[in-house]
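Structure file structure-v7.cif (mmCIF, N, CA and C atoms) is printed below.
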```
data_entry
#
loop_
_atom_site.label_atom_id
_atom_site.label_comp_id
_atom_site.auth_asym_id
_atom_site.auth_seq_id
_atom_site.Cartn_x
_atom_site.Cartn_y
_atom_site.Cartn_z
N MET A 984 -78.98 101.78 -8.02
CA MET A 984 -78.74 102.56 -6.83
C MET A 984 -78.39 103.97 -7.25
N ILE A 985 -79.03 104.96 -6.63
CA ILE A 985 -78.75 106.36 -6.92
C ILE A 985 -78.01 106.96 -5.73
N VAL A 986 -76.90 107.64 -6.02
CA VAL A 986 -76.02 108.17 -4.99
C VAL A 986 -75.90 109.68 -5.18
N SER A 987 -76.01 110.43 -4.09
CA SER A 987 -75.72 111.87 -4.12
C SER A 987 -74.22 112.03 -3.94
N VAL A 988 -73.62 112.85 -4.80
CA VAL A 988 -72.17 113.03 -4.78
C VAL A 988 -71.85 114.51 -4.79
N ARG A 989 -70.86 114.90 -4.00
CA ARG A 989 -70.34 116.26 -4.00
C ARG A 989 -68.91 116.16 -4.52
N VAL A 990 -68.64 116.82 -5.65
CA VAL A 990 -67.34 116.68 -6.33
C VAL A 990 -66.46 117.90 -6.08
N GLN A 991 -65.19 117.65 -5.82
CA GLN A 991 -64.20 118.71 -5.72
C GLN A 991 -63.17 118.49 -6.82
N PRO A 992 -63.28 119.24 -7.92
CA PRO A 992 -62.30 119.07 -9.02
C PRO A 992 -60.95 119.70 -8.66
N ARG A 993 -59.94 119.34 -9.45
CA ARG A 993 -58.57 119.86 -9.30
C ARG A 993 -57.98 119.59 -7.92
N ALA A 994 -58.26 118.43 -7.37
CA ALA A 994 -57.67 118.04 -6.09
C ALA A 994 -56.28 117.46 -6.34
N SER A 995 -55.54 117.24 -5.28
CA SER A 995 -54.18 116.71 -5.44
C SER A 995 -54.18 115.23 -5.82
N LYS A 996 -55.27 114.51 -5.45
CA LYS A 996 -55.37 113.11 -5.84
C LYS A 996 -56.84 112.70 -5.87
N ASP A 997 -57.14 111.61 -6.58
CA ASP A 997 -58.49 111.07 -6.62
C ASP A 997 -58.73 110.30 -5.33
N GLU A 998 -59.82 110.66 -4.61
CA GLU A 998 -60.12 109.97 -3.37
C GLU A 998 -61.54 110.25 -2.91
N ILE A 999 -62.06 109.35 -2.09
CA ILE A 999 -63.31 109.56 -1.38
C ILE A 999 -62.89 110.18 -0.05
N SER A 1000 -63.42 111.36 0.27
CA SER A 1000 -62.98 112.02 1.50
C SER A 1000 -64.09 112.08 2.55
N GLY A 1001 -65.07 111.19 2.44
CA GLY A 1001 -66.11 111.10 3.46
C GLY A 1001 -67.48 111.45 2.93
N ALA A 1002 -68.32 111.93 3.85
CA ALA A 1002 -69.68 112.32 3.50
C ALA A 1002 -69.91 113.75 3.94
N VAL A 1003 -70.62 114.52 3.11
CA VAL A 1003 -70.94 115.91 3.42
C VAL A 1003 -72.42 116.12 3.14
N GLY A 1004 -73.18 116.47 4.16
CA GLY A 1004 -74.60 116.75 3.97
C GLY A 1004 -75.37 115.62 3.33
N GLY A 1005 -75.04 114.38 3.67
CA GLY A 1005 -75.73 113.23 3.10
C GLY A 1005 -75.24 112.82 1.72
N ALA A 1006 -74.19 113.46 1.24
CA ALA A 1006 -73.64 113.13 -0.08
C ALA A 1006 -72.22 112.59 0.08
N LEU A 1007 -71.84 111.71 -0.82
CA LEU A 1007 -70.49 111.17 -0.86
C LEU A 1007 -69.57 112.25 -1.42
N LYS A 1008 -68.51 112.63 -0.68
CA LYS A 1008 -67.60 113.65 -1.16
C LYS A 1008 -66.45 112.99 -1.91
N VAL A 1009 -66.28 113.36 -3.18
CA VAL A 1009 -65.25 112.78 -4.03
C VAL A 1009 -64.33 113.89 -4.52
N ARG A 1010 -63.04 113.71 -4.28
CA ARG A 1010 -62.03 114.66 -4.77
C ARG A 1010 -61.41 114.05 -6.02
N LEU A 1011 -61.33 114.86 -7.09
CA LEU A 1011 -60.80 114.38 -8.37
C LEU A 1011 -59.70 115.30 -8.86
N ARG A 1012 -58.68 114.73 -9.50
CA ARG A 1012 -57.61 115.54 -10.09
C ARG A 1012 -58.08 116.27 -11.34
N ALA A 1013 -59.05 115.74 -12.02
CA ALA A 1013 -59.51 116.32 -13.29
C ALA A 1013 -60.13 117.70 -13.08
N PRO A 1014 -59.90 118.61 -14.03
CA PRO A 1014 -60.54 119.93 -13.94
C PRO A 1014 -61.99 119.87 -14.39
N ALA A 1015 -62.76 120.86 -13.99
CA ALA A 1015 -64.17 120.91 -14.37
C ALA A 1015 -64.32 121.60 -15.73
N LEU A 1016 -63.53 121.21 -16.68
CA LEU A 1016 -63.56 121.78 -18.03
C LEU A 1016 -63.91 120.69 -19.03
N GLU A 1017 -64.73 121.04 -20.00
CA GLU A 1017 -65.07 120.15 -21.10
C GLU A 1017 -65.49 118.75 -20.62
N ASP A 1018 -66.23 118.69 -19.54
CA ASP A 1018 -66.82 117.45 -19.03
C ASP A 1018 -65.78 116.46 -18.50
N ARG A 1019 -64.53 116.90 -18.31
CA ARG A 1019 -63.48 115.98 -17.87
C ARG A 1019 -63.70 115.47 -16.45
N ALA A 1020 -64.17 116.34 -15.54
CA ALA A 1020 -64.42 115.91 -14.16
C ALA A 1020 -65.57 114.91 -14.11
N ASN A 1021 -66.60 115.11 -14.92
CA ASN A 1021 -67.72 114.16 -14.95
C ASN A 1021 -67.26 112.79 -15.44
N GLU A 1022 -66.46 112.77 -16.48
CA GLU A 1022 -65.95 111.49 -17.00
C GLU A 1022 -65.05 110.82 -15.96
N ALA A 1023 -64.21 111.62 -15.31
CA ALA A 1023 -63.32 111.08 -14.29
C ALA A 1023 -64.12 110.51 -13.11
N LEU A 1024 -65.21 111.18 -12.75
CA LEU A 1024 -66.05 110.69 -11.67
C LEU A 1024 -66.65 109.33 -12.01
N CYS A 1025 -67.19 109.19 -13.20
CA CYS A 1025 -67.77 107.91 -13.61
C CYS A 1025 -66.73 106.80 -13.63
N GLU A 1026 -65.55 107.10 -14.17
CA GLU A 1026 -64.48 106.10 -14.22
C GLU A 1026 -64.03 105.72 -12.82
N TYR A 1027 -63.87 106.70 -11.94
CA TYR A 1027 -63.38 106.44 -10.59
C TYR A 1027 -64.38 105.60 -9.79
N LEU A 1028 -65.66 105.96 -9.86
CA LEU A 1028 -66.68 105.19 -9.13
C LEU A 1028 -66.77 103.77 -9.68
N ALA A 1029 -66.69 103.62 -10.99
CA ALA A 1029 -66.75 102.29 -11.59
C ALA A 1029 -65.57 101.44 -11.12
N GLU A 1030 -64.40 102.05 -11.04
CA GLU A 1030 -63.21 101.33 -10.58
C GLU A 1030 -63.35 100.91 -9.12
N LEU A 1031 -63.79 101.83 -8.26
CA LEU A 1031 -63.93 101.52 -6.83
C LEU A 1031 -64.98 100.45 -6.57
N LEU A 1032 -66.08 100.51 -7.32
CA LEU A 1032 -67.18 99.57 -7.10
C LEU A 1032 -67.06 98.31 -7.94
N LYS A 1033 -65.97 98.22 -8.70
CA LYS A 1033 -65.71 97.05 -9.55
C LYS A 1033 -66.89 96.72 -10.45
N THR A 1034 -67.33 97.74 -11.17
CA THR A 1034 -68.44 97.62 -12.10
C THR A 1034 -68.02 98.26 -13.42
N PRO A 1035 -68.63 97.90 -14.54
CA PRO A 1035 -68.26 98.52 -15.81
C PRO A 1035 -68.55 100.02 -15.81
N LYS A 1036 -67.74 100.77 -16.53
CA LYS A 1036 -67.94 102.22 -16.62
C LYS A 1036 -69.32 102.54 -17.18
N ALA A 1037 -69.84 101.70 -18.05
CA ALA A 1037 -71.15 101.92 -18.65
C ALA A 1037 -72.28 101.82 -17.62
N ALA A 1038 -72.01 101.22 -16.46
CA ALA A 1038 -73.03 101.07 -15.42
C ALA A 1038 -73.14 102.31 -14.54
N VAL A 1039 -72.27 103.30 -14.76
CA VAL A 1039 -72.27 104.53 -13.96
C VAL A 1039 -72.64 105.69 -14.87
N ARG A 1040 -73.68 106.45 -14.46
CA ARG A 1040 -74.04 107.63 -15.25
C ARG A 1040 -74.57 108.73 -14.35
N ILE A 1041 -74.34 109.95 -14.76
CA ILE A 1041 -74.79 111.11 -14.01
C ILE A 1041 -76.22 111.43 -14.43
N LEU A 1042 -77.13 111.44 -13.46
CA LEU A 1042 -78.53 111.74 -13.75
C LEU A 1042 -78.80 113.24 -13.76
N SER A 1043 -78.22 113.96 -12.81
CA SER A 1043 -78.42 115.41 -12.75
C SER A 1043 -77.19 116.06 -12.14
N GLY A 1044 -77.02 117.35 -12.42
CA GLY A 1044 -75.89 118.09 -11.88
C GLY A 1044 -74.67 118.07 -12.77
N HIS A 1045 -74.86 117.99 -14.07
CA HIS A 1045 -73.72 117.93 -15.01
C HIS A 1045 -72.82 119.16 -14.88
N HIS A 1046 -73.40 120.32 -14.55
CA HIS A 1046 -72.62 121.56 -14.45
C HIS A 1046 -72.55 122.06 -13.02
N SER A 1047 -72.68 121.17 -12.06
CA SER A 1047 -72.69 121.53 -10.65
C SER A 1047 -71.76 120.60 -9.89
N ARG A 1048 -71.33 121.03 -8.71
CA ARG A 1048 -70.52 120.15 -7.88
C ARG A 1048 -71.37 119.06 -7.23
N SER A 1049 -72.64 119.36 -7.01
CA SER A 1049 -73.57 118.38 -6.43
C SER A 1049 -74.24 117.61 -7.55
N LYS A 1050 -74.13 116.29 -7.50
CA LYS A 1050 -74.63 115.45 -8.59
C LYS A 1050 -75.43 114.28 -8.03
N ARG A 1051 -76.32 113.76 -8.85
CA ARG A 1051 -77.01 112.50 -8.57
C ARG A 1051 -76.49 111.51 -9.59
N VAL A 1052 -75.90 110.42 -9.09
CA VAL A 1052 -75.25 109.44 -9.94
C VAL A 1052 -75.95 108.09 -9.79
N GLU A 1053 -76.28 107.48 -10.91
CA GLU A 1053 -76.86 106.14 -10.90
C GLU A 1053 -75.75 105.13 -11.13
N VAL A 1054 -75.71 104.11 -10.26
CA VAL A 1054 -74.76 103.03 -10.42
C VAL A 1054 -75.56 101.74 -10.45
N ARG A 1055 -75.59 101.10 -11.60
CA ARG A 1055 -76.34 99.85 -11.75
C ARG A 1055 -75.49 98.67 -11.32
N GLY A 1056 -76.14 97.70 -10.68
CA GLY A 1056 -75.47 96.46 -10.33
C GLY A 1056 -74.71 96.48 -9.02
N VAL A 1057 -74.95 97.49 -8.18
CA VAL A 1057 -74.30 97.52 -6.87
C VAL A 1057 -75.36 97.65 -5.78
N THR A 1058 -74.98 97.28 -4.58
CA THR A 1058 -75.90 97.38 -3.44
C THR A 1058 -75.56 98.61 -2.60
N GLU A 1059 -76.49 98.95 -1.74
CA GLU A 1059 -76.28 100.08 -0.84
C GLU A 1059 -75.08 99.81 0.07
N GLN A 1060 -74.90 98.57 0.48
CA GLN A 1060 -73.78 98.21 1.35
C GLN A 1060 -72.44 98.46 0.67
N GLN A 1061 -72.36 98.20 -0.63
CA GLN A 1061 -71.12 98.44 -1.36
C GLN A 1061 -70.78 99.92 -1.39
N VAL A 1062 -71.80 100.76 -1.58
CA VAL A 1062 -71.57 102.21 -1.61
C VAL A 1062 -71.21 102.70 -0.21
N LEU A 1063 -71.89 102.24 0.81
CA LEU A 1063 -71.58 102.64 2.18
C LEU A 1063 -70.18 102.20 2.59
N ALA A 1064 -69.72 101.11 2.04
CA ALA A 1064 -68.37 100.63 2.35
C ALA A 1064 -67.31 101.63 1.87
N LEU A 1065 -67.60 102.40 0.82
CA LEU A 1065 -66.66 103.43 0.36
C LEU A 1065 -66.46 104.49 1.43
N VAL A 1066 -67.54 104.87 2.09
CA VAL A 1066 -67.46 105.91 3.12
C VAL A 1066 -66.80 105.35 4.38
N THR A 1067 -67.18 104.17 4.79
CA THR A 1067 -66.62 103.61 6.02
C THR A 1067 -65.14 103.25 5.87
N ARG A 1068 -64.72 103.00 4.66
CA ARG A 1068 -63.30 102.71 4.41
C ARG A 1068 -62.45 103.95 4.68
N VAL A 1069 -63.03 105.14 4.47
CA VAL A 1069 -62.32 106.40 4.68
C VAL A 1069 -62.19 106.71 6.17
N VAL A 1070 -63.25 106.45 6.93
CA VAL A 1070 -63.30 106.83 8.35
C VAL A 1070 -62.41 105.99 9.19
#
```
Represent the structure of the file as structure tokens.
Amino acid sequence: MIVSVRVQPRASKDEISGAVGGALKVRLRAPALEDRANEALCEYLAELLKTPKAAVRILSGHHSRSKRVEVRGVTEQQVLALVTRVV
């Protein structure tokens, strides 16, 4: 499953804050320095979706707030549940 994600680094807490322009909006405490926000994003999504960290990888947008993330072993319903849990 490939997910569009919009990342906000240096937030007050790690959280899913809804959907923006068709992308999952994720707020992370990690700064966008030395790939720390990207690593934090992969760890956070893996934790929420109860999948191994190795199953989550960034396909594009390594240096951008907008990213395409591949998550292996999950269904579209599981990803949509992250957004509906926020609303």
### Top pick for closest residue to Ile985 of chain A, considering A:Arg1040, A:Lys1008, A:Arg1068, A:His1046 and counting only C-alpha atoms
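For Ile985 of chain A, the nearest of the candidates is A:Arg1040.
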### Message
Residue by residue, what does the PyMOL selection byres (((chain A and resi 992 and name CA) around 9) and name CA) grab here? Present the result as number ranges by chain.
### Response
A: 990-991, 993-994, 1009-1015, 1020, 1048
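Here atom N of Lys1033 of chain A and atom C of Arg989 of chain A stand 18.7 Å from one another.
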### Distance criterion (all atoms listed in the file): nearest to Ala1006 of chain A out of A:Ser987, A:Thr1058, A:Thr1034, A:Asn1021
A:Ser987
### Task
Rounded to one decimal place, report the atom CA of Val1066 of chain A-atom N of Arg1019 of chain A distance in Å.
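Those two atoms sit 24.3 Å apart.
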### Among the residues A:Arg1051, A:Gln1060, A:Cys1025, A:Leu1065, the one that comes closest to Val988 of chain A [using all atoms listed in the file]
A:Arg1051
### Query
Which distance in Å separates atom N of Gln1061 of chain A and atom C of Leu1031 of chain A, to one decimal?
9.7 Å
### Task
Between A:Leu1063, A:Val1057, A:Gly1044, A:Val1039, single out the one closest to Leu1024 of chain A, counting only N, CA and C atoms.
A:Val1039
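When DSSP is run on the backbone, the residues of chain A that fall into alpha helix (DSSP H) are Arg1019, Ala1020, Asn1021, Glu1022, Ala1023, Leu1024, Cys1025, Glu1026, Tyr1027, Leu1028, Ala1029, Glu1030, Leu1031, Glu1059, Gln1060, Gln1061, Val1062, Leu1063, Ala1064, Leu1065, Val1066, Thr1067, Arg1068 and Val1069 of chain A.
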### Task
Would you please give, as number ranges by chain, all residues of chain A that DSSP assigns to strand (DSSP E or B) based on the backbone?
A: 985-991, 998-1003, 1006-1010, 1039-1043, 1049-1054
Filtering to N, CA and C atoms, could you give me those residues as a JSON list (two decimals), in the frame of the given file?
```json
[["chain", "number", "residue", "atom", "x", "y", "z"],
["A", 985, "ILE", "N", -79.03, 104.96, -6.63],
["A", 985, "ILE", "CA", -78.75, 106.36, -6.92],
["A", 985, "ILE", "C", -78.01, 106.96, -5.73],
["A", 986, "VAL", "N", -76.90, 107.64, -6.02],
["A", 986, "VAL", "CA", -76.02, 108.17, -4.99],
["A", 986, "VAL", "C", -75.90, 109.68, -5.18],
["A", 987, "SER", "N", -76.01, 110.43, -4.09],
["A", 987, "SER", "CA", -75.72, 111.87, -4.12],
["A", 987, "SER", "C", -74.22, 112.03, -3.94],
["A", 988, "VAL", "N", -73.62, 112.85, -4.80],
["A", 988, "VAL", "CA", -72.17, 113.03, -4.78],
["A", 988, "VAL", "C", -71.85, 114.51, -4.79],
["A", 989, "ARG", "N", -70.86, 114.90, -4.00],
["A", 989, "ARG", "CA", -70.34, 116.26, -4.00],
["A", 989, "ARG", "C", -68.91, 116.16, -4.52],
["A", 990, "VAL", "N", -68.64, 116.82, -5.65],
["A", 990, "VAL", "CA", -67.34, 116.68, -6.33],
["A", 990, "VAL", "C", -66.46, 117.90, -6.08],
["A", 991, "GLN", "N", -65.19, 117.65, -5.82],
["A", 991, "GLN", "CA", -64.20, 118.71, -5.72],
["A", 991, "GLN", "C", -63.17, 118.49, -6.82],
["A", 998, "GLU", "N", -59.82, 110.66, -4.61],
["A", 998, "GLU", "CA", -60.12, 109.97, -3.37],
["A", 998, "GLU", "C", -61.54, 110.25, -2.91],
["A", 999, "ILE", "N", -62.06, 109.35, -2.09],
["A", 999, "ILE", "CA", -63.31, 109.56, -1.38],
["A", 999, "ILE", "C", -62.89, 110.18, -0.05],
["A", 1000, "SER", "N", -63.42, 111.36, 0.27],
["A", 1000, "SER", "CA", -62.98, 112.02, 1.50],
["A", 1000, "SER", "C", -64.09, 112.08, 2.55],
["A", 1001, "GLY", "N", -65.07, 111.19, 2.44],
["A", 1001, "GLY", "CA", -66.11, 111.10, 3.46],
["A", 1001, "GLY", "C", -67.48, 111.45, 2.93],
["A", 1002, "ALA", "N", -68.32, 111.93, 3.85],
["A", 1002, "ALA", "CA", -69.68, 112.32, 3.50],
["A", 1002, "ALA", "C", -69.91, 113.75, 3.94],
["A", 1003, "VAL", "N", -70.62, 114.52, 3.11],
["A", 1003, "VAL", "CA", -70.94, 115.91, 3.42],
["A", 1003, "VAL", "C", -72.42, 116.12, 3.14],
["A", 1006, "ALA", "N", -74.19, 113.46, 1.24],
["A", 1006, "ALA", "CA", -73.64, 113.13, -0.08],
["A", 1006, "ALA", "C", -72.22, 112.59, 0.08],
["A", 1007, "LEU", "N", -71.84, 111.71, -0.82],
["A", 1007, "LEU", "CA", -70.49, 111.17, -0.86],
["A", 1007, "LEU", "C", -69.57, 112.25, -1.42],
["A", 1008, "LYS", "N", -68.51, 112.63, -0.68],
["A", 1008, "LYS", "CA", -67.60, 113.65, -1.16],
["A", 1008, "LYS", "C", -66.45, 112.99, -1.91],
["A", 1009, "VAL", "N", -66.28, 113.36, -3.18],
["A", 1009, "VAL", "CA", -65.25, 112.78, -4.03],
["A", 1009, "VAL", "C", -64.33, 113.89, -4.52],
["A", 1010, "ARG", "N", -63.04, 113.71, -4.28],
["A", 1010, "ARG", "CA", -62.03, 114.66, -4.77],
["A", 1010, "ARG", "C", -61.41, 114.05, -6.02],
["A", 1039, "VAL", "N", -72.27, 103.30, -14.76],
["A", 1039, "VAL", "CA", -72.27, 104.53, -13.96],
["A", 1039, "VAL", "C", -72.64, 105.69, -14.87],
["A", 1040, "ARG", "N", -73.68, 106.45, -14.46],
["A", 1040, "ARG", "CA", -74.04, 107.63, -15.25],
["A", 1040, "ARG", "C", -74.57, 108.73, -14.35],
["A", 1041, "ILE", "N", -74.34, 109.95, -14.76],
["A", 1041, "ILE", "CA", -74.79, 111.11, -14.01],
["A", 1041, "ILE", "C", -76.22, 111.43, -14.43],
["A", 1042, "LEU", "N", -77.13, 111.44, -13.46],
["A", 1042, "LEU", "CA", -78.53, 111.74, -13.75],
["A", 1042, "LEU", "C", -78.80, 113.24, -13.76],
["A", 1043, "SER", "N", -78.22, 113.96, -12.81],
["A", 1043, "SER", "CA", -78.42, 115.41, -12.75],
["A", 1043, "SER", "C", -77.19, 116.06, -12.14],
["A", 1049, "SER", "N", -72.64, 119.36, -7.01],
["A", 1049, "SER", "CA", -73.57, 118.38, -6.43],
["A", 1049, "SER", "C", -74.24, 117.61, -7.55],
["A", 1050, "LYS", "N", -74.13, 116.29, -7.50],
["A", 1050, "LYS", "CA", -74.63, 115.45, -8.59],
["A", 1050, "LYS", "C", -75.43, 114.28, -8.03],
["A", 1051, "ARG", "N", -76.32, 113.76, -8.85],
["A", 1051, "ARG", "CA", -77.01, 112.50, -8.57],
["A", 1051, "ARG", "C", -76.49, 111.51, -9.59],
["A", 1052, "VAL", "N", -75.90, 110.42, -9.09],
["A", 1052, "VAL", "CA", -75.25, 109.44, -9.94],
["A", 1052, "VAL", "C", -75.95, 108.09, -9.79],
["A", 1053, "GLU", "N", -76.28, 107.48, -10.91],
["A", 1053, "GLU", "CA", -76.86, 106.14, -10.90],
["A", 1053, "GLU", "C", -75.75, 105.13, -11.13],
["A", 1054, "VAL", "N", -75.71, 104.11, -10.26],
["A", 1054, "VAL", "CA", -74.76, 103.03, -10.42],
["A", 1054, "VAL", "C", -75.56, 101.74, -10.45]]
```
### Query
Between A:Ala1023, A:Ala1029, A:Ser1047, A:Ile1041, which one has atoms that come closest to Asp997 of chain A, using only C-alpha atoms?
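Counting only C-alpha atoms, the residue closest to Asp997 of chain A is A:Ala1023.
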### Query
Which of these residues is nearest to Leu1032 of chain A, using only C-alpha atoms: A:Val1054, A:Val986, A:Ala1002, A:Leu1007?
A:Val1054
